[in-house]
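Q: Just one file: query-v9.txt, with compact mmCIF, C-alpha atoms.
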```
# COMPACT_ATOMS: atom_id res chain seq x y z
CA MET J 1 53.28 136.20 145.60
CA GLU J 2 55.70 133.31 145.54
CA GLN J 3 59.12 134.84 146.07
CA GLN J 4 61.95 133.23 144.15
CA ASN J 5 64.40 134.00 141.41
CA ILE J 6 63.24 133.17 137.92
CA TYR J 7 66.11 131.45 136.19
CA ILE J 8 66.33 131.36 132.43
CA LYS J 9 65.23 127.95 131.24
CA GLN J 10 65.72 126.52 127.81
CA PHE J 11 62.83 125.12 125.78
CA ALA J 12 64.67 123.12 123.15
CA GLU J 13 61.55 121.92 121.33
CA LEU J 14 59.62 125.20 121.39
CA PHE J 15 59.71 126.80 117.92
CA LYS J 16 62.37 124.30 116.91
CA GLY J 17 63.40 124.68 113.29
CA LYS J 18 61.42 127.90 112.97
CA LYS J 19 62.43 131.52 112.50
CA ILE J 20 61.72 134.46 114.80
CA MET J 21 62.28 138.07 113.80
CA TYR J 22 62.82 140.53 116.64
CA VAL J 23 62.10 144.24 116.11
CA HIS J 24 63.90 146.39 118.66
CA GLY J 25 62.78 149.58 120.35
CA PHE J 26 63.88 153.20 120.22
CA ALA J 27 67.66 153.77 120.53
CA SER J 28 68.31 150.03 120.66
CA SER J 29 69.65 147.51 118.14
CA GLY J 30 69.54 143.92 117.00
CA GLN J 31 72.21 143.16 119.60
CA SER J 32 70.00 143.99 122.58
CA GLY J 33 69.66 141.86 125.67
CA THR J 34 66.19 140.75 124.56
CA VAL J 35 67.66 139.13 121.46
CA SER J 36 70.17 137.21 123.61
CA ARG J 37 67.32 136.18 125.91
CA ILE J 38 65.21 134.80 123.03
CA ARG J 39 68.17 132.86 121.65
CA GLN J 40 68.97 131.40 125.04
CA VAL J 41 65.42 130.34 125.89
CA LEU J 42 64.58 129.02 122.40
CA PRO J 43 67.84 127.42 121.19
CA GLY J 44 66.03 125.47 118.48
CA ALA J 45 64.83 128.64 116.74
CA THR J 46 66.73 130.95 114.40
CA VAL J 47 66.50 134.59 115.51
CA VAL J 48 66.79 137.42 112.97
CA ALA J 49 67.24 140.90 114.45
CA PRO J 50 68.14 143.73 112.06
CA ASP J 51 69.39 147.14 113.22
CA LEU J 52 66.68 149.62 112.28
CA PRO J 53 67.39 152.92 110.50
CA ILE J 54 66.48 156.03 112.49
CA HIS J 55 64.08 157.30 109.82
CA PRO J 56 60.82 155.37 110.27
CA GLN J 57 59.88 154.84 106.63
CA GLU J 58 63.36 153.44 105.97
CA ALA J 59 62.88 151.16 108.96
CA MET J 60 59.54 149.89 107.63
CA ASP J 61 61.03 149.32 104.18
CA LEU J 62 63.87 147.28 105.73
CA LEU J 63 61.47 145.25 107.88
CA ARG J 64 59.19 144.41 104.96
CA LYS J 65 62.19 143.43 102.85
CA THR J 66 63.53 141.26 105.68
CA CYS J 67 60.13 139.58 106.03
CA ASN J 68 60.04 138.80 102.33
CA THR J 69 63.55 137.36 102.48
CA GLU J 70 63.42 135.51 105.80
CA GLN J 71 59.70 134.58 105.98
CA PRO J 72 59.64 134.51 109.81
CA ASP J 73 57.23 132.21 111.60
CA LEU J 74 56.85 134.79 114.37
CA ILE J 75 57.67 138.48 114.77
CA ILE J 76 58.22 139.94 118.25
CA GLY J 77 58.43 143.71 118.62
CA THR J 78 58.96 145.79 121.75
CA SER J 79 58.06 149.46 122.27
CA MET J 80 58.80 151.30 119.00
CA GLY J 81 59.43 147.87 117.49
CA GLY J 82 55.94 146.85 118.57
CA MET J 83 54.53 149.80 116.65
CA TYR J 84 56.36 148.64 113.51
CA THR J 85 55.47 144.99 114.10
CA GLU J 86 51.73 145.67 114.16
CA MET J 87 52.01 146.83 110.53
CA LEU J 88 53.77 143.65 109.34
CA TYR J 89 50.48 142.04 108.32
CA GLY J 90 50.30 138.43 107.26
CA TYR J 91 52.58 137.11 110.02
CA ASP J 92 52.02 135.87 113.55
CA ARG J 93 53.10 138.70 115.85
CA ILE J 94 53.57 139.66 119.48
CA VAL J 95 53.74 143.38 120.25
CA ILE J 96 55.05 144.18 123.73
CA ASN J 97 54.33 147.62 125.20
CA PRO J 98 53.94 149.00 121.65
CA ALA J 99 54.63 152.73 121.25
CA PHE J 100 51.78 153.56 118.90
CA CYS J 101 52.02 157.24 119.93
CA ILE J 102 55.80 157.45 119.76
CA ALA J 103 55.85 161.07 118.53
CA ASP J 104 54.04 162.16 121.70
CA THR J 105 56.21 159.88 123.83
CA MET J 106 59.36 161.50 122.44
CA GLY J 107 58.20 164.93 123.55
CA GLU J 108 56.89 163.84 126.93
CA HIS J 109 59.98 161.88 127.98
CA GLY J 110 62.88 163.93 126.68
CA MET J 111 63.66 161.70 123.72
CA THR J 112 64.61 164.60 121.44
CA GLY J 113 67.99 166.20 120.78
CA LYS J 114 71.20 164.18 120.90
CA GLN J 115 70.60 160.53 121.84
CA GLN J 116 72.85 157.58 122.62
CA PHE J 117 72.16 154.04 121.46
CA PHE J 118 71.62 151.64 124.36
CA SER J 119 73.30 148.72 122.63
CA PRO J 120 75.99 148.43 119.94
CA ARG J 121 75.05 148.52 116.27
CA GLN J 122 76.70 146.78 113.37
CA ASP J 123 77.55 150.09 111.67
CA GLY J 124 79.38 151.29 114.78
CA VAL J 125 77.26 154.43 115.15
CA GLN J 126 76.87 155.36 118.82
CA GLU J 127 74.63 158.43 118.77
CA PHE J 128 71.95 160.14 116.71
CA TYR J 129 69.86 163.32 116.76
CA VAL J 130 66.10 163.67 117.01
CA ASP J 131 64.72 166.97 115.70
CA LYS J 132 61.20 168.22 114.94
CA ALA J 133 61.35 166.92 111.39
CA LEU J 134 62.14 163.39 112.61
CA VAL J 135 59.37 163.53 115.21
CA LYS J 136 56.98 164.48 112.39
CA GLU J 137 58.16 161.44 110.42
CA TYR J 138 57.26 159.20 113.35
CA ARG J 139 53.87 160.83 113.70
CA THR J 140 53.24 160.18 110.01
CA ILE J 141 54.28 156.52 110.16
CA THR J 142 51.98 155.78 113.12
CA GLU J 143 49.03 156.97 111.07
CA GLN J 144 49.49 153.70 109.17
CA ASN J 145 48.85 151.56 112.26
CA PHE J 146 45.71 149.39 112.33
CA THR J 147 44.96 149.79 108.63
CA LYS J 148 44.24 146.06 108.31
CA ALA J 149 43.11 145.38 111.87
CA SER J 150 39.53 144.77 110.70
CA ASP J 151 40.68 141.68 108.80
CA GLN J 152 39.45 138.64 110.74
CA ASP J 153 42.63 136.70 110.06
CA GLU J 154 44.73 139.52 111.48
CA GLN J 155 42.63 139.56 114.64
CA HIS J 156 43.98 136.14 115.53
CA ARG J 157 47.55 136.71 114.36
CA VAL J 158 48.60 139.48 116.73
CA PHE J 159 48.86 139.47 120.52
CA GLY J 160 49.42 142.66 122.51
CA LEU J 161 51.21 142.43 125.88
CA PHE J 162 51.05 145.42 128.22
CA GLY J 163 53.00 145.84 131.45
CA ASP J 164 50.94 147.02 134.39
CA LYS J 165 53.88 149.13 135.60
CA ASP J 166 54.79 150.68 132.26
CA ASN J 167 55.35 154.39 132.96
CA LEU J 168 56.62 155.23 129.47
CA VAL J 169 53.83 154.25 127.09
CA ASN J 170 50.24 153.23 127.70
CA THR J 171 48.51 152.10 124.52
CA ARG J 172 46.55 149.10 125.77
CA ASP J 173 43.15 150.77 125.27
CA LEU J 174 44.13 151.85 121.76
CA PHE J 175 45.21 148.32 120.91
CA CYS J 176 42.05 146.79 122.37
CA ARG J 177 39.86 149.11 120.31
CA ASN J 178 41.36 147.47 117.25
CA TYR J 179 42.30 143.92 118.29
CA LEU J 180 40.86 141.16 120.44
CA GLN J 181 44.01 139.74 122.03
CA GLY J 182 45.24 142.42 124.44
CA ILE J 183 46.75 141.02 127.65
CA THR J 184 48.11 142.74 130.76
CA PHE J 185 51.19 141.30 132.44
CA HIS J 186 53.14 142.12 135.59
CA GLY J 187 56.09 144.18 134.44
CA GLU J 188 57.55 147.50 133.41
CA HIS J 189 58.25 148.96 129.97
CA ARG J 190 61.54 147.16 129.57
CA MET J 191 61.32 143.40 129.62
CA ASN J 192 63.40 141.38 132.06
CA ASP J 193 63.89 137.65 132.53
CA HIS J 194 60.83 137.34 134.77
CA SER J 195 58.38 139.08 132.45
CA PHE J 196 59.74 137.26 129.41
CA MET J 197 59.51 133.80 130.98
CA GLN J 198 56.17 134.32 132.72
CA SER J 199 54.37 136.39 130.10
CA VAL J 200 55.95 136.09 126.64
CA VAL J 201 56.92 132.41 126.57
CA PRO J 202 53.33 131.21 127.24
CA VAL J 203 52.10 133.21 124.23
CA ILE J 204 54.91 131.84 122.07
CA ARG J 205 53.78 128.36 123.11
CA TRP J 206 50.16 129.11 122.13
CA ILE J 207 51.32 130.30 118.71
CA ASP J 208 53.61 127.30 118.22
CA ASP J 209 50.78 124.89 119.15
CA ARG J 210 48.43 126.55 116.68
CA GLN J 211 50.98 126.53 113.88
CA GLN J 212 51.79 122.86 114.50
CA GLN J 213 48.10 121.98 115.03
CA ARG J 214 49.30 120.42 118.27
CA GLU J 215 46.69 119.18 120.72
CA ARG J 216 47.96 118.85 124.28
CA PRO J 217 46.24 116.87 127.05
CA ILE J 218 43.87 119.13 128.99
CA VAL J 219 44.29 119.85 132.69
CA TYR J 220 41.57 121.74 134.54
CA ILE J 221 42.58 123.42 137.79
CA GLY J 222 39.82 124.38 140.20
CA THR J 223 40.42 127.92 141.40
CA GLU J 224 39.67 126.84 144.98
CA THR J 225 43.02 124.99 144.95
CA LEU J 226 45.08 128.12 144.28
CA MET J 227 44.79 129.96 147.58
CA GLN J 228 44.96 129.26 151.30
CA HIS J 229 42.31 130.46 153.71
CA ASP J 230 44.45 133.52 154.53
CA THR J 231 44.25 134.53 150.84
CA GLN J 232 47.91 133.73 150.25
CA PRO J 233 48.85 131.37 147.39
CA ARG J 234 49.30 127.74 148.39
CA PRO J 235 52.96 126.67 148.61
CA SER J 236 54.38 125.56 145.24
CA MET J 237 51.12 126.42 143.44
CA GLN J 238 52.76 128.84 141.02
CA LYS J 239 55.61 126.40 140.42
CA ALA J 240 53.04 123.72 139.62
CA VAL J 241 51.25 125.93 137.11
CA ARG J 242 54.54 126.76 135.37
CA THR J 243 55.39 123.06 135.24
CA LEU J 244 52.01 122.03 133.87
CA ILE J 245 51.79 124.60 131.08
CA GLU J 246 55.02 123.26 129.58
CA HIS J 247 53.27 120.05 128.52
CA TYR J 248 49.53 120.52 128.98
CA GLN J 249 46.69 122.77 127.91
CA VAL J 250 45.75 124.27 131.27
CA PHE J 251 42.40 125.83 132.14
CA PHE J 252 41.36 127.42 135.43
CA VAL J 253 37.82 126.53 136.50
CA ALA J 254 35.69 128.51 138.95
CA PHE J 255 32.74 126.52 140.28
CA ASP J 256 31.41 129.45 142.32
CA THR J 257 29.72 131.59 139.66
CA THR J 258 28.27 134.34 141.86
CA ALA J 259 29.14 137.91 140.87
CA SER J 260 31.20 138.53 144.01
CA ALA J 261 33.15 135.31 143.51
CA ASN J 262 33.78 136.10 139.84
CA SER J 263 35.41 139.40 140.73
CA ARG J 264 37.56 137.84 143.45
CA ILE J 265 38.64 134.95 141.23
CA LYS J 266 39.55 137.24 138.35
CA ASP J 267 41.71 139.32 140.70
CA THR J 268 43.38 136.18 142.04
CA LEU J 269 44.16 134.85 138.58
CA SER J 270 45.47 138.24 137.45
CA GLU J 271 47.71 138.60 140.49
CA TYR J 272 49.11 135.10 140.86
CA ILE J 273 48.76 133.39 137.47
CA GLY J 274 48.92 136.24 134.95
CA VAL J 275 49.11 135.64 131.22
CA PRO J 276 48.56 131.81 131.29
CA ALA J 277 45.03 132.43 132.63
CA TRP J 278 44.08 134.75 129.76
CA GLY J 279 41.52 132.98 127.56
CA HIS J 280 41.94 129.89 129.74
CA THR J 281 39.41 130.61 132.50
CA VAL J 282 36.07 128.81 132.79
CA PHE J 283 33.16 129.81 135.05
CA THR J 284 30.64 127.00 135.46
CA ASN J 285 28.51 125.23 138.06
CA GLN J 286 28.10 122.25 135.75
CA ARG J 287 31.10 120.01 136.33
CA HIS J 288 29.84 117.39 133.90
CA LEU J 289 30.40 119.83 131.02
CA LEU J 290 34.16 119.66 131.57
CA TYR J 291 35.71 117.38 128.98
CA GLY J 292 39.42 116.85 129.31
CA ASP J 293 42.10 114.61 130.77
CA TYR J 294 42.60 115.76 134.36
CA LEU J 295 40.73 117.86 136.90
CA ILE J 296 42.63 119.11 139.94
CA GLN J 297 40.11 120.12 142.58
CA GLY J 298 39.90 120.81 146.28
CA GLU J 299 38.04 118.97 148.99
CA SER J 300 35.15 121.47 148.85
CA THR J 301 34.32 120.66 145.22
CA MET J 302 34.58 116.92 145.87
CA ARG J 303 31.45 117.16 148.02
CA TRP J 304 29.01 117.45 145.14
CA PRO J 305 25.89 115.25 145.38
CA ASP J 306 26.33 111.67 144.21
CA SER J 307 23.53 112.26 141.73
CA ASP J 308 25.50 115.04 140.05
CA PRO J 309 27.19 113.82 136.83
CA ALA J 310 30.95 113.58 137.13
CA PRO J 311 33.28 115.52 134.81
CA MET J 312 34.87 113.69 131.88
CA ALA J 313 38.36 113.88 133.37
CA THR J 314 40.53 112.00 135.86
CA SER J 315 39.96 113.63 139.24
CA ILE J 316 42.92 114.66 141.43
CA GLU J 317 42.04 115.88 144.91
CA LEU J 318 44.45 118.35 146.45
CA GLY J 319 44.66 117.68 150.19
CA SER J 320 43.96 113.96 149.92
CA ASP J 321 46.30 111.30 151.28
CA THR J 322 47.79 110.82 147.81
CA PHE J 323 48.09 114.49 146.91
CA LYS J 324 48.60 116.34 150.17
CA THR J 325 50.40 119.30 148.54
CA TRP J 326 51.08 120.85 145.18
CA ASP J 327 54.55 119.28 145.30
CA ASP J 328 52.90 115.86 145.24
CA ILE J 329 50.92 116.90 142.17
CA ILE J 330 54.08 118.21 140.48
CA GLU J 331 55.80 114.87 141.07
CA TYR J 332 52.81 112.98 139.69
CA PHE J 333 52.71 114.93 136.44
CA LEU J 334 56.48 114.81 136.00
CA ARG J 335 56.21 111.02 136.11
CA LEU J 336 53.50 111.14 133.47
CA GLY J 337 55.88 112.99 131.16
CA GLY J 338 53.23 115.02 129.40
CA GLN J 339 50.70 112.22 128.89
```
Show how you would write the structure in this file as structure tokens.
A:
Amino acid sequence: MEQQNIYIKQFAELFKGKKIMYVHGFASSGQSGTVSRIRQVLPGATVVAPDLPIHPQEAMDLLRKTCNTEQPDLIIGTSMGGMYTEMLYGYDRIVINPAFCIADTMGEHGMTGKQQFFSPRQDGVQEFYVDKALVKEYRTITEQNFTKASDQDEQHRVFGLFGDKDNLVNTRDLFCRNYLQGITFHGEHRMNDHSFMQSVVPVIRWIDDRQQQRERPIVYIGTETLMQHDTQPRPSMQKAVRTLIEHYQVFFVAFDTTASANSRIKDTLSEYIGVPAWGHTVFTNQRHLLYGDYLIQGESTMRWPDSDPAPMATSIELGSDTFKTWDDIIEYFLRLGGQ
């Protein structure tokens, strides 16, 4: 995988003028590092992040009251906060490593007895106590999860993100039994800058585009352009993808539709592209069915018979004299400025 530091980048226009409510996890607060990260990356958005009461029904009452008062355009919840967020029906939501079985998690991971808050709270309280009665309260509140998941509108309003190295909770299968939009990302239970930028920001962009009814120019990327012959990613390929998805609707197209190729391509996209490829992958041997603005393809796919109908998109050949490398393609699209 491309090795480099992922620096926090600001997206001034993303969710500009809108409101995001963040719902923190167990033993955390509205002053967590994730809140600071959201505010830094999305400076045009207002971020509301209440400190949650320890008792779960009180927490749900506060969250519903805050929703009624603030009317957030998006709710993001992590871990325990993801469990609460799922139940805030009627809003666009992202639940990240949601702890739908938090009562079991408490017992399995030593989260009972005296506990310390990880981040400061507005009331100044620094510790709390988890006893059997409180665990029972959490078990009771989670019985309310998924009560409106069968609603078709809700199916499209909530995304679930699940880290493939999460050793604390594992509720992806449970989520996917109830919702359509469950996505695996590279990361652990706690979010860091890399997982937020690479996995959460793309979903925020999808939601913002839908809310604004924004139609971006379409760029198709042939999957044959992603890797070198030694199965390593082409230099600057991942950088190019990150650059393109900021301004374009990007789809990854596999022209080899054999079963063995499908499996290999899916593994490649999962490993090197991640969340941006979810719901944005096309398998076809009919290039003329592609209707968009640009098609980035390799030399192998340029050798189609002359009689074969061409795709309805401007063709860009990686490896040609004009576009020898992905860096050349990056420069070309930066000059276009999103057009």
Q: Env of Glu188 of chain J: 8 Å cut, atoms = only C-alpha atoms, seq-sep filter 4 positions within chain, self excluded. Answer as a PDB file with C-alpha atoms, keeping the file's coordinate frame.
A:
```pdb
ATOM      1  CA  GLY J 163      53.000 145.840 131.450  1.00  0.00           C
ATOM      2  CA  ASP J 164      50.940 147.020 134.390  1.00  0.00           C
ATOM      3  CA  LYS J 165      53.880 149.130 135.600  1.00  0.00           C
ATOM      4  CA  ASP J 166      54.790 150.680 132.260  1.00  0.00           C
ATOM      5  CA  ASN J 167      55.350 154.390 132.960  1.00  0.00           C
TER       6      ASN J 167
END
```
Q: Compare J:Leu161, J:Ile265, J:Leu226, J:Leu180 by their minimum atom-to-atom distance to Val201 of chain J, counting only C-alpha atoms, and give me the closest one.
A: J:Leu161
Q: Atom CA of Arg64 of chain J and atom CA of Tyr91 of chain J are how many Å apart?
A: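 That distance, rounded to one decimal, is 11.1 Å.
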Q: Please provide as JSON, numbers by chain all residues within 12 Å of His24 of chain J, with the sequence filter that same-chain residues fewer than 6 positions apart are discarded (counting all atoms listed in the file).
A: {"J": [30, 31, 32, 33, 34, 35, 48, 49, 50, 51, 52, 53, 54, 59, 63, 75, 76, 77, 78, 79, 80, 81, 82, 83, 84, 85, 95, 96, 97, 98, 99, 117, 118, 119, 121, 190, 191]}
Q: So that I can see what lies close to His247 of chain J, please list as a list in words the residues with an atom at most 10 Å from it, counting only C-alpha atoms and leaving out residues fewer than 4 positions away in the same chain.
A: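 Returned residues: Arg205, Arg216, Pro217, Ile218, Val219, Arg242, Thr243, Phe333, Leu334, Gly337, Gly338 and Gln339 of chain J.
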Q: Just the residues within 12 Å of Ala240 of chain J, please, counting all atoms listed in the file, with nothing from its chain fewer than 2 positions along; format it as a ChimeraX atom specification.
A: /J:2,219,221,225-226,233-238,242-248,250,273,296,325-334
Q: List the neighbours of Glu127 of chain J out to 8 Å using all atoms listed in the file; skip same-chain residues closer than 3 positions along the sequence, and give me the result as an MDAnalysis selection string.
A: chainID J and resid 114:117
Q: Within 7 Å of (47.0, 155.8, 121.8), only C-alpha atoms: residues as a list in words?
A: Phe100, Cys101, Thr171 and Leu174 of chain J
Q: Compare J:Met21, J:Ala254, J:Ala27, J:Leu74 by their minimum atom-to-atom distance to Gln211 of chain J, counting all atoms listed in the file, and give me the closest one.
A: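 Among the listed residues, the smallest separation from Gln211 of chain J belongs to J:Leu74.
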Q: Which residue out of J:Gly274, J:Gly187, J:Gly124, J:Pro202 has the minimum interatomic distance to Ile94 of chain J when all atoms listed in the file are used?
A: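 Nearest to Ile94 of chain J: J:Pro202.
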Q: Mind pulling up the distance from atom CA of Gly222 of chain J to atom CA of Gln297 of chain J?
A: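 So the answer is 4.9 Å.
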Q: Mind giving me the straight-line distance from atom CA of Tyr294 of chain J to atom CA of Thr223 of chain J in Å, one decimal?
A: 14.2 Å
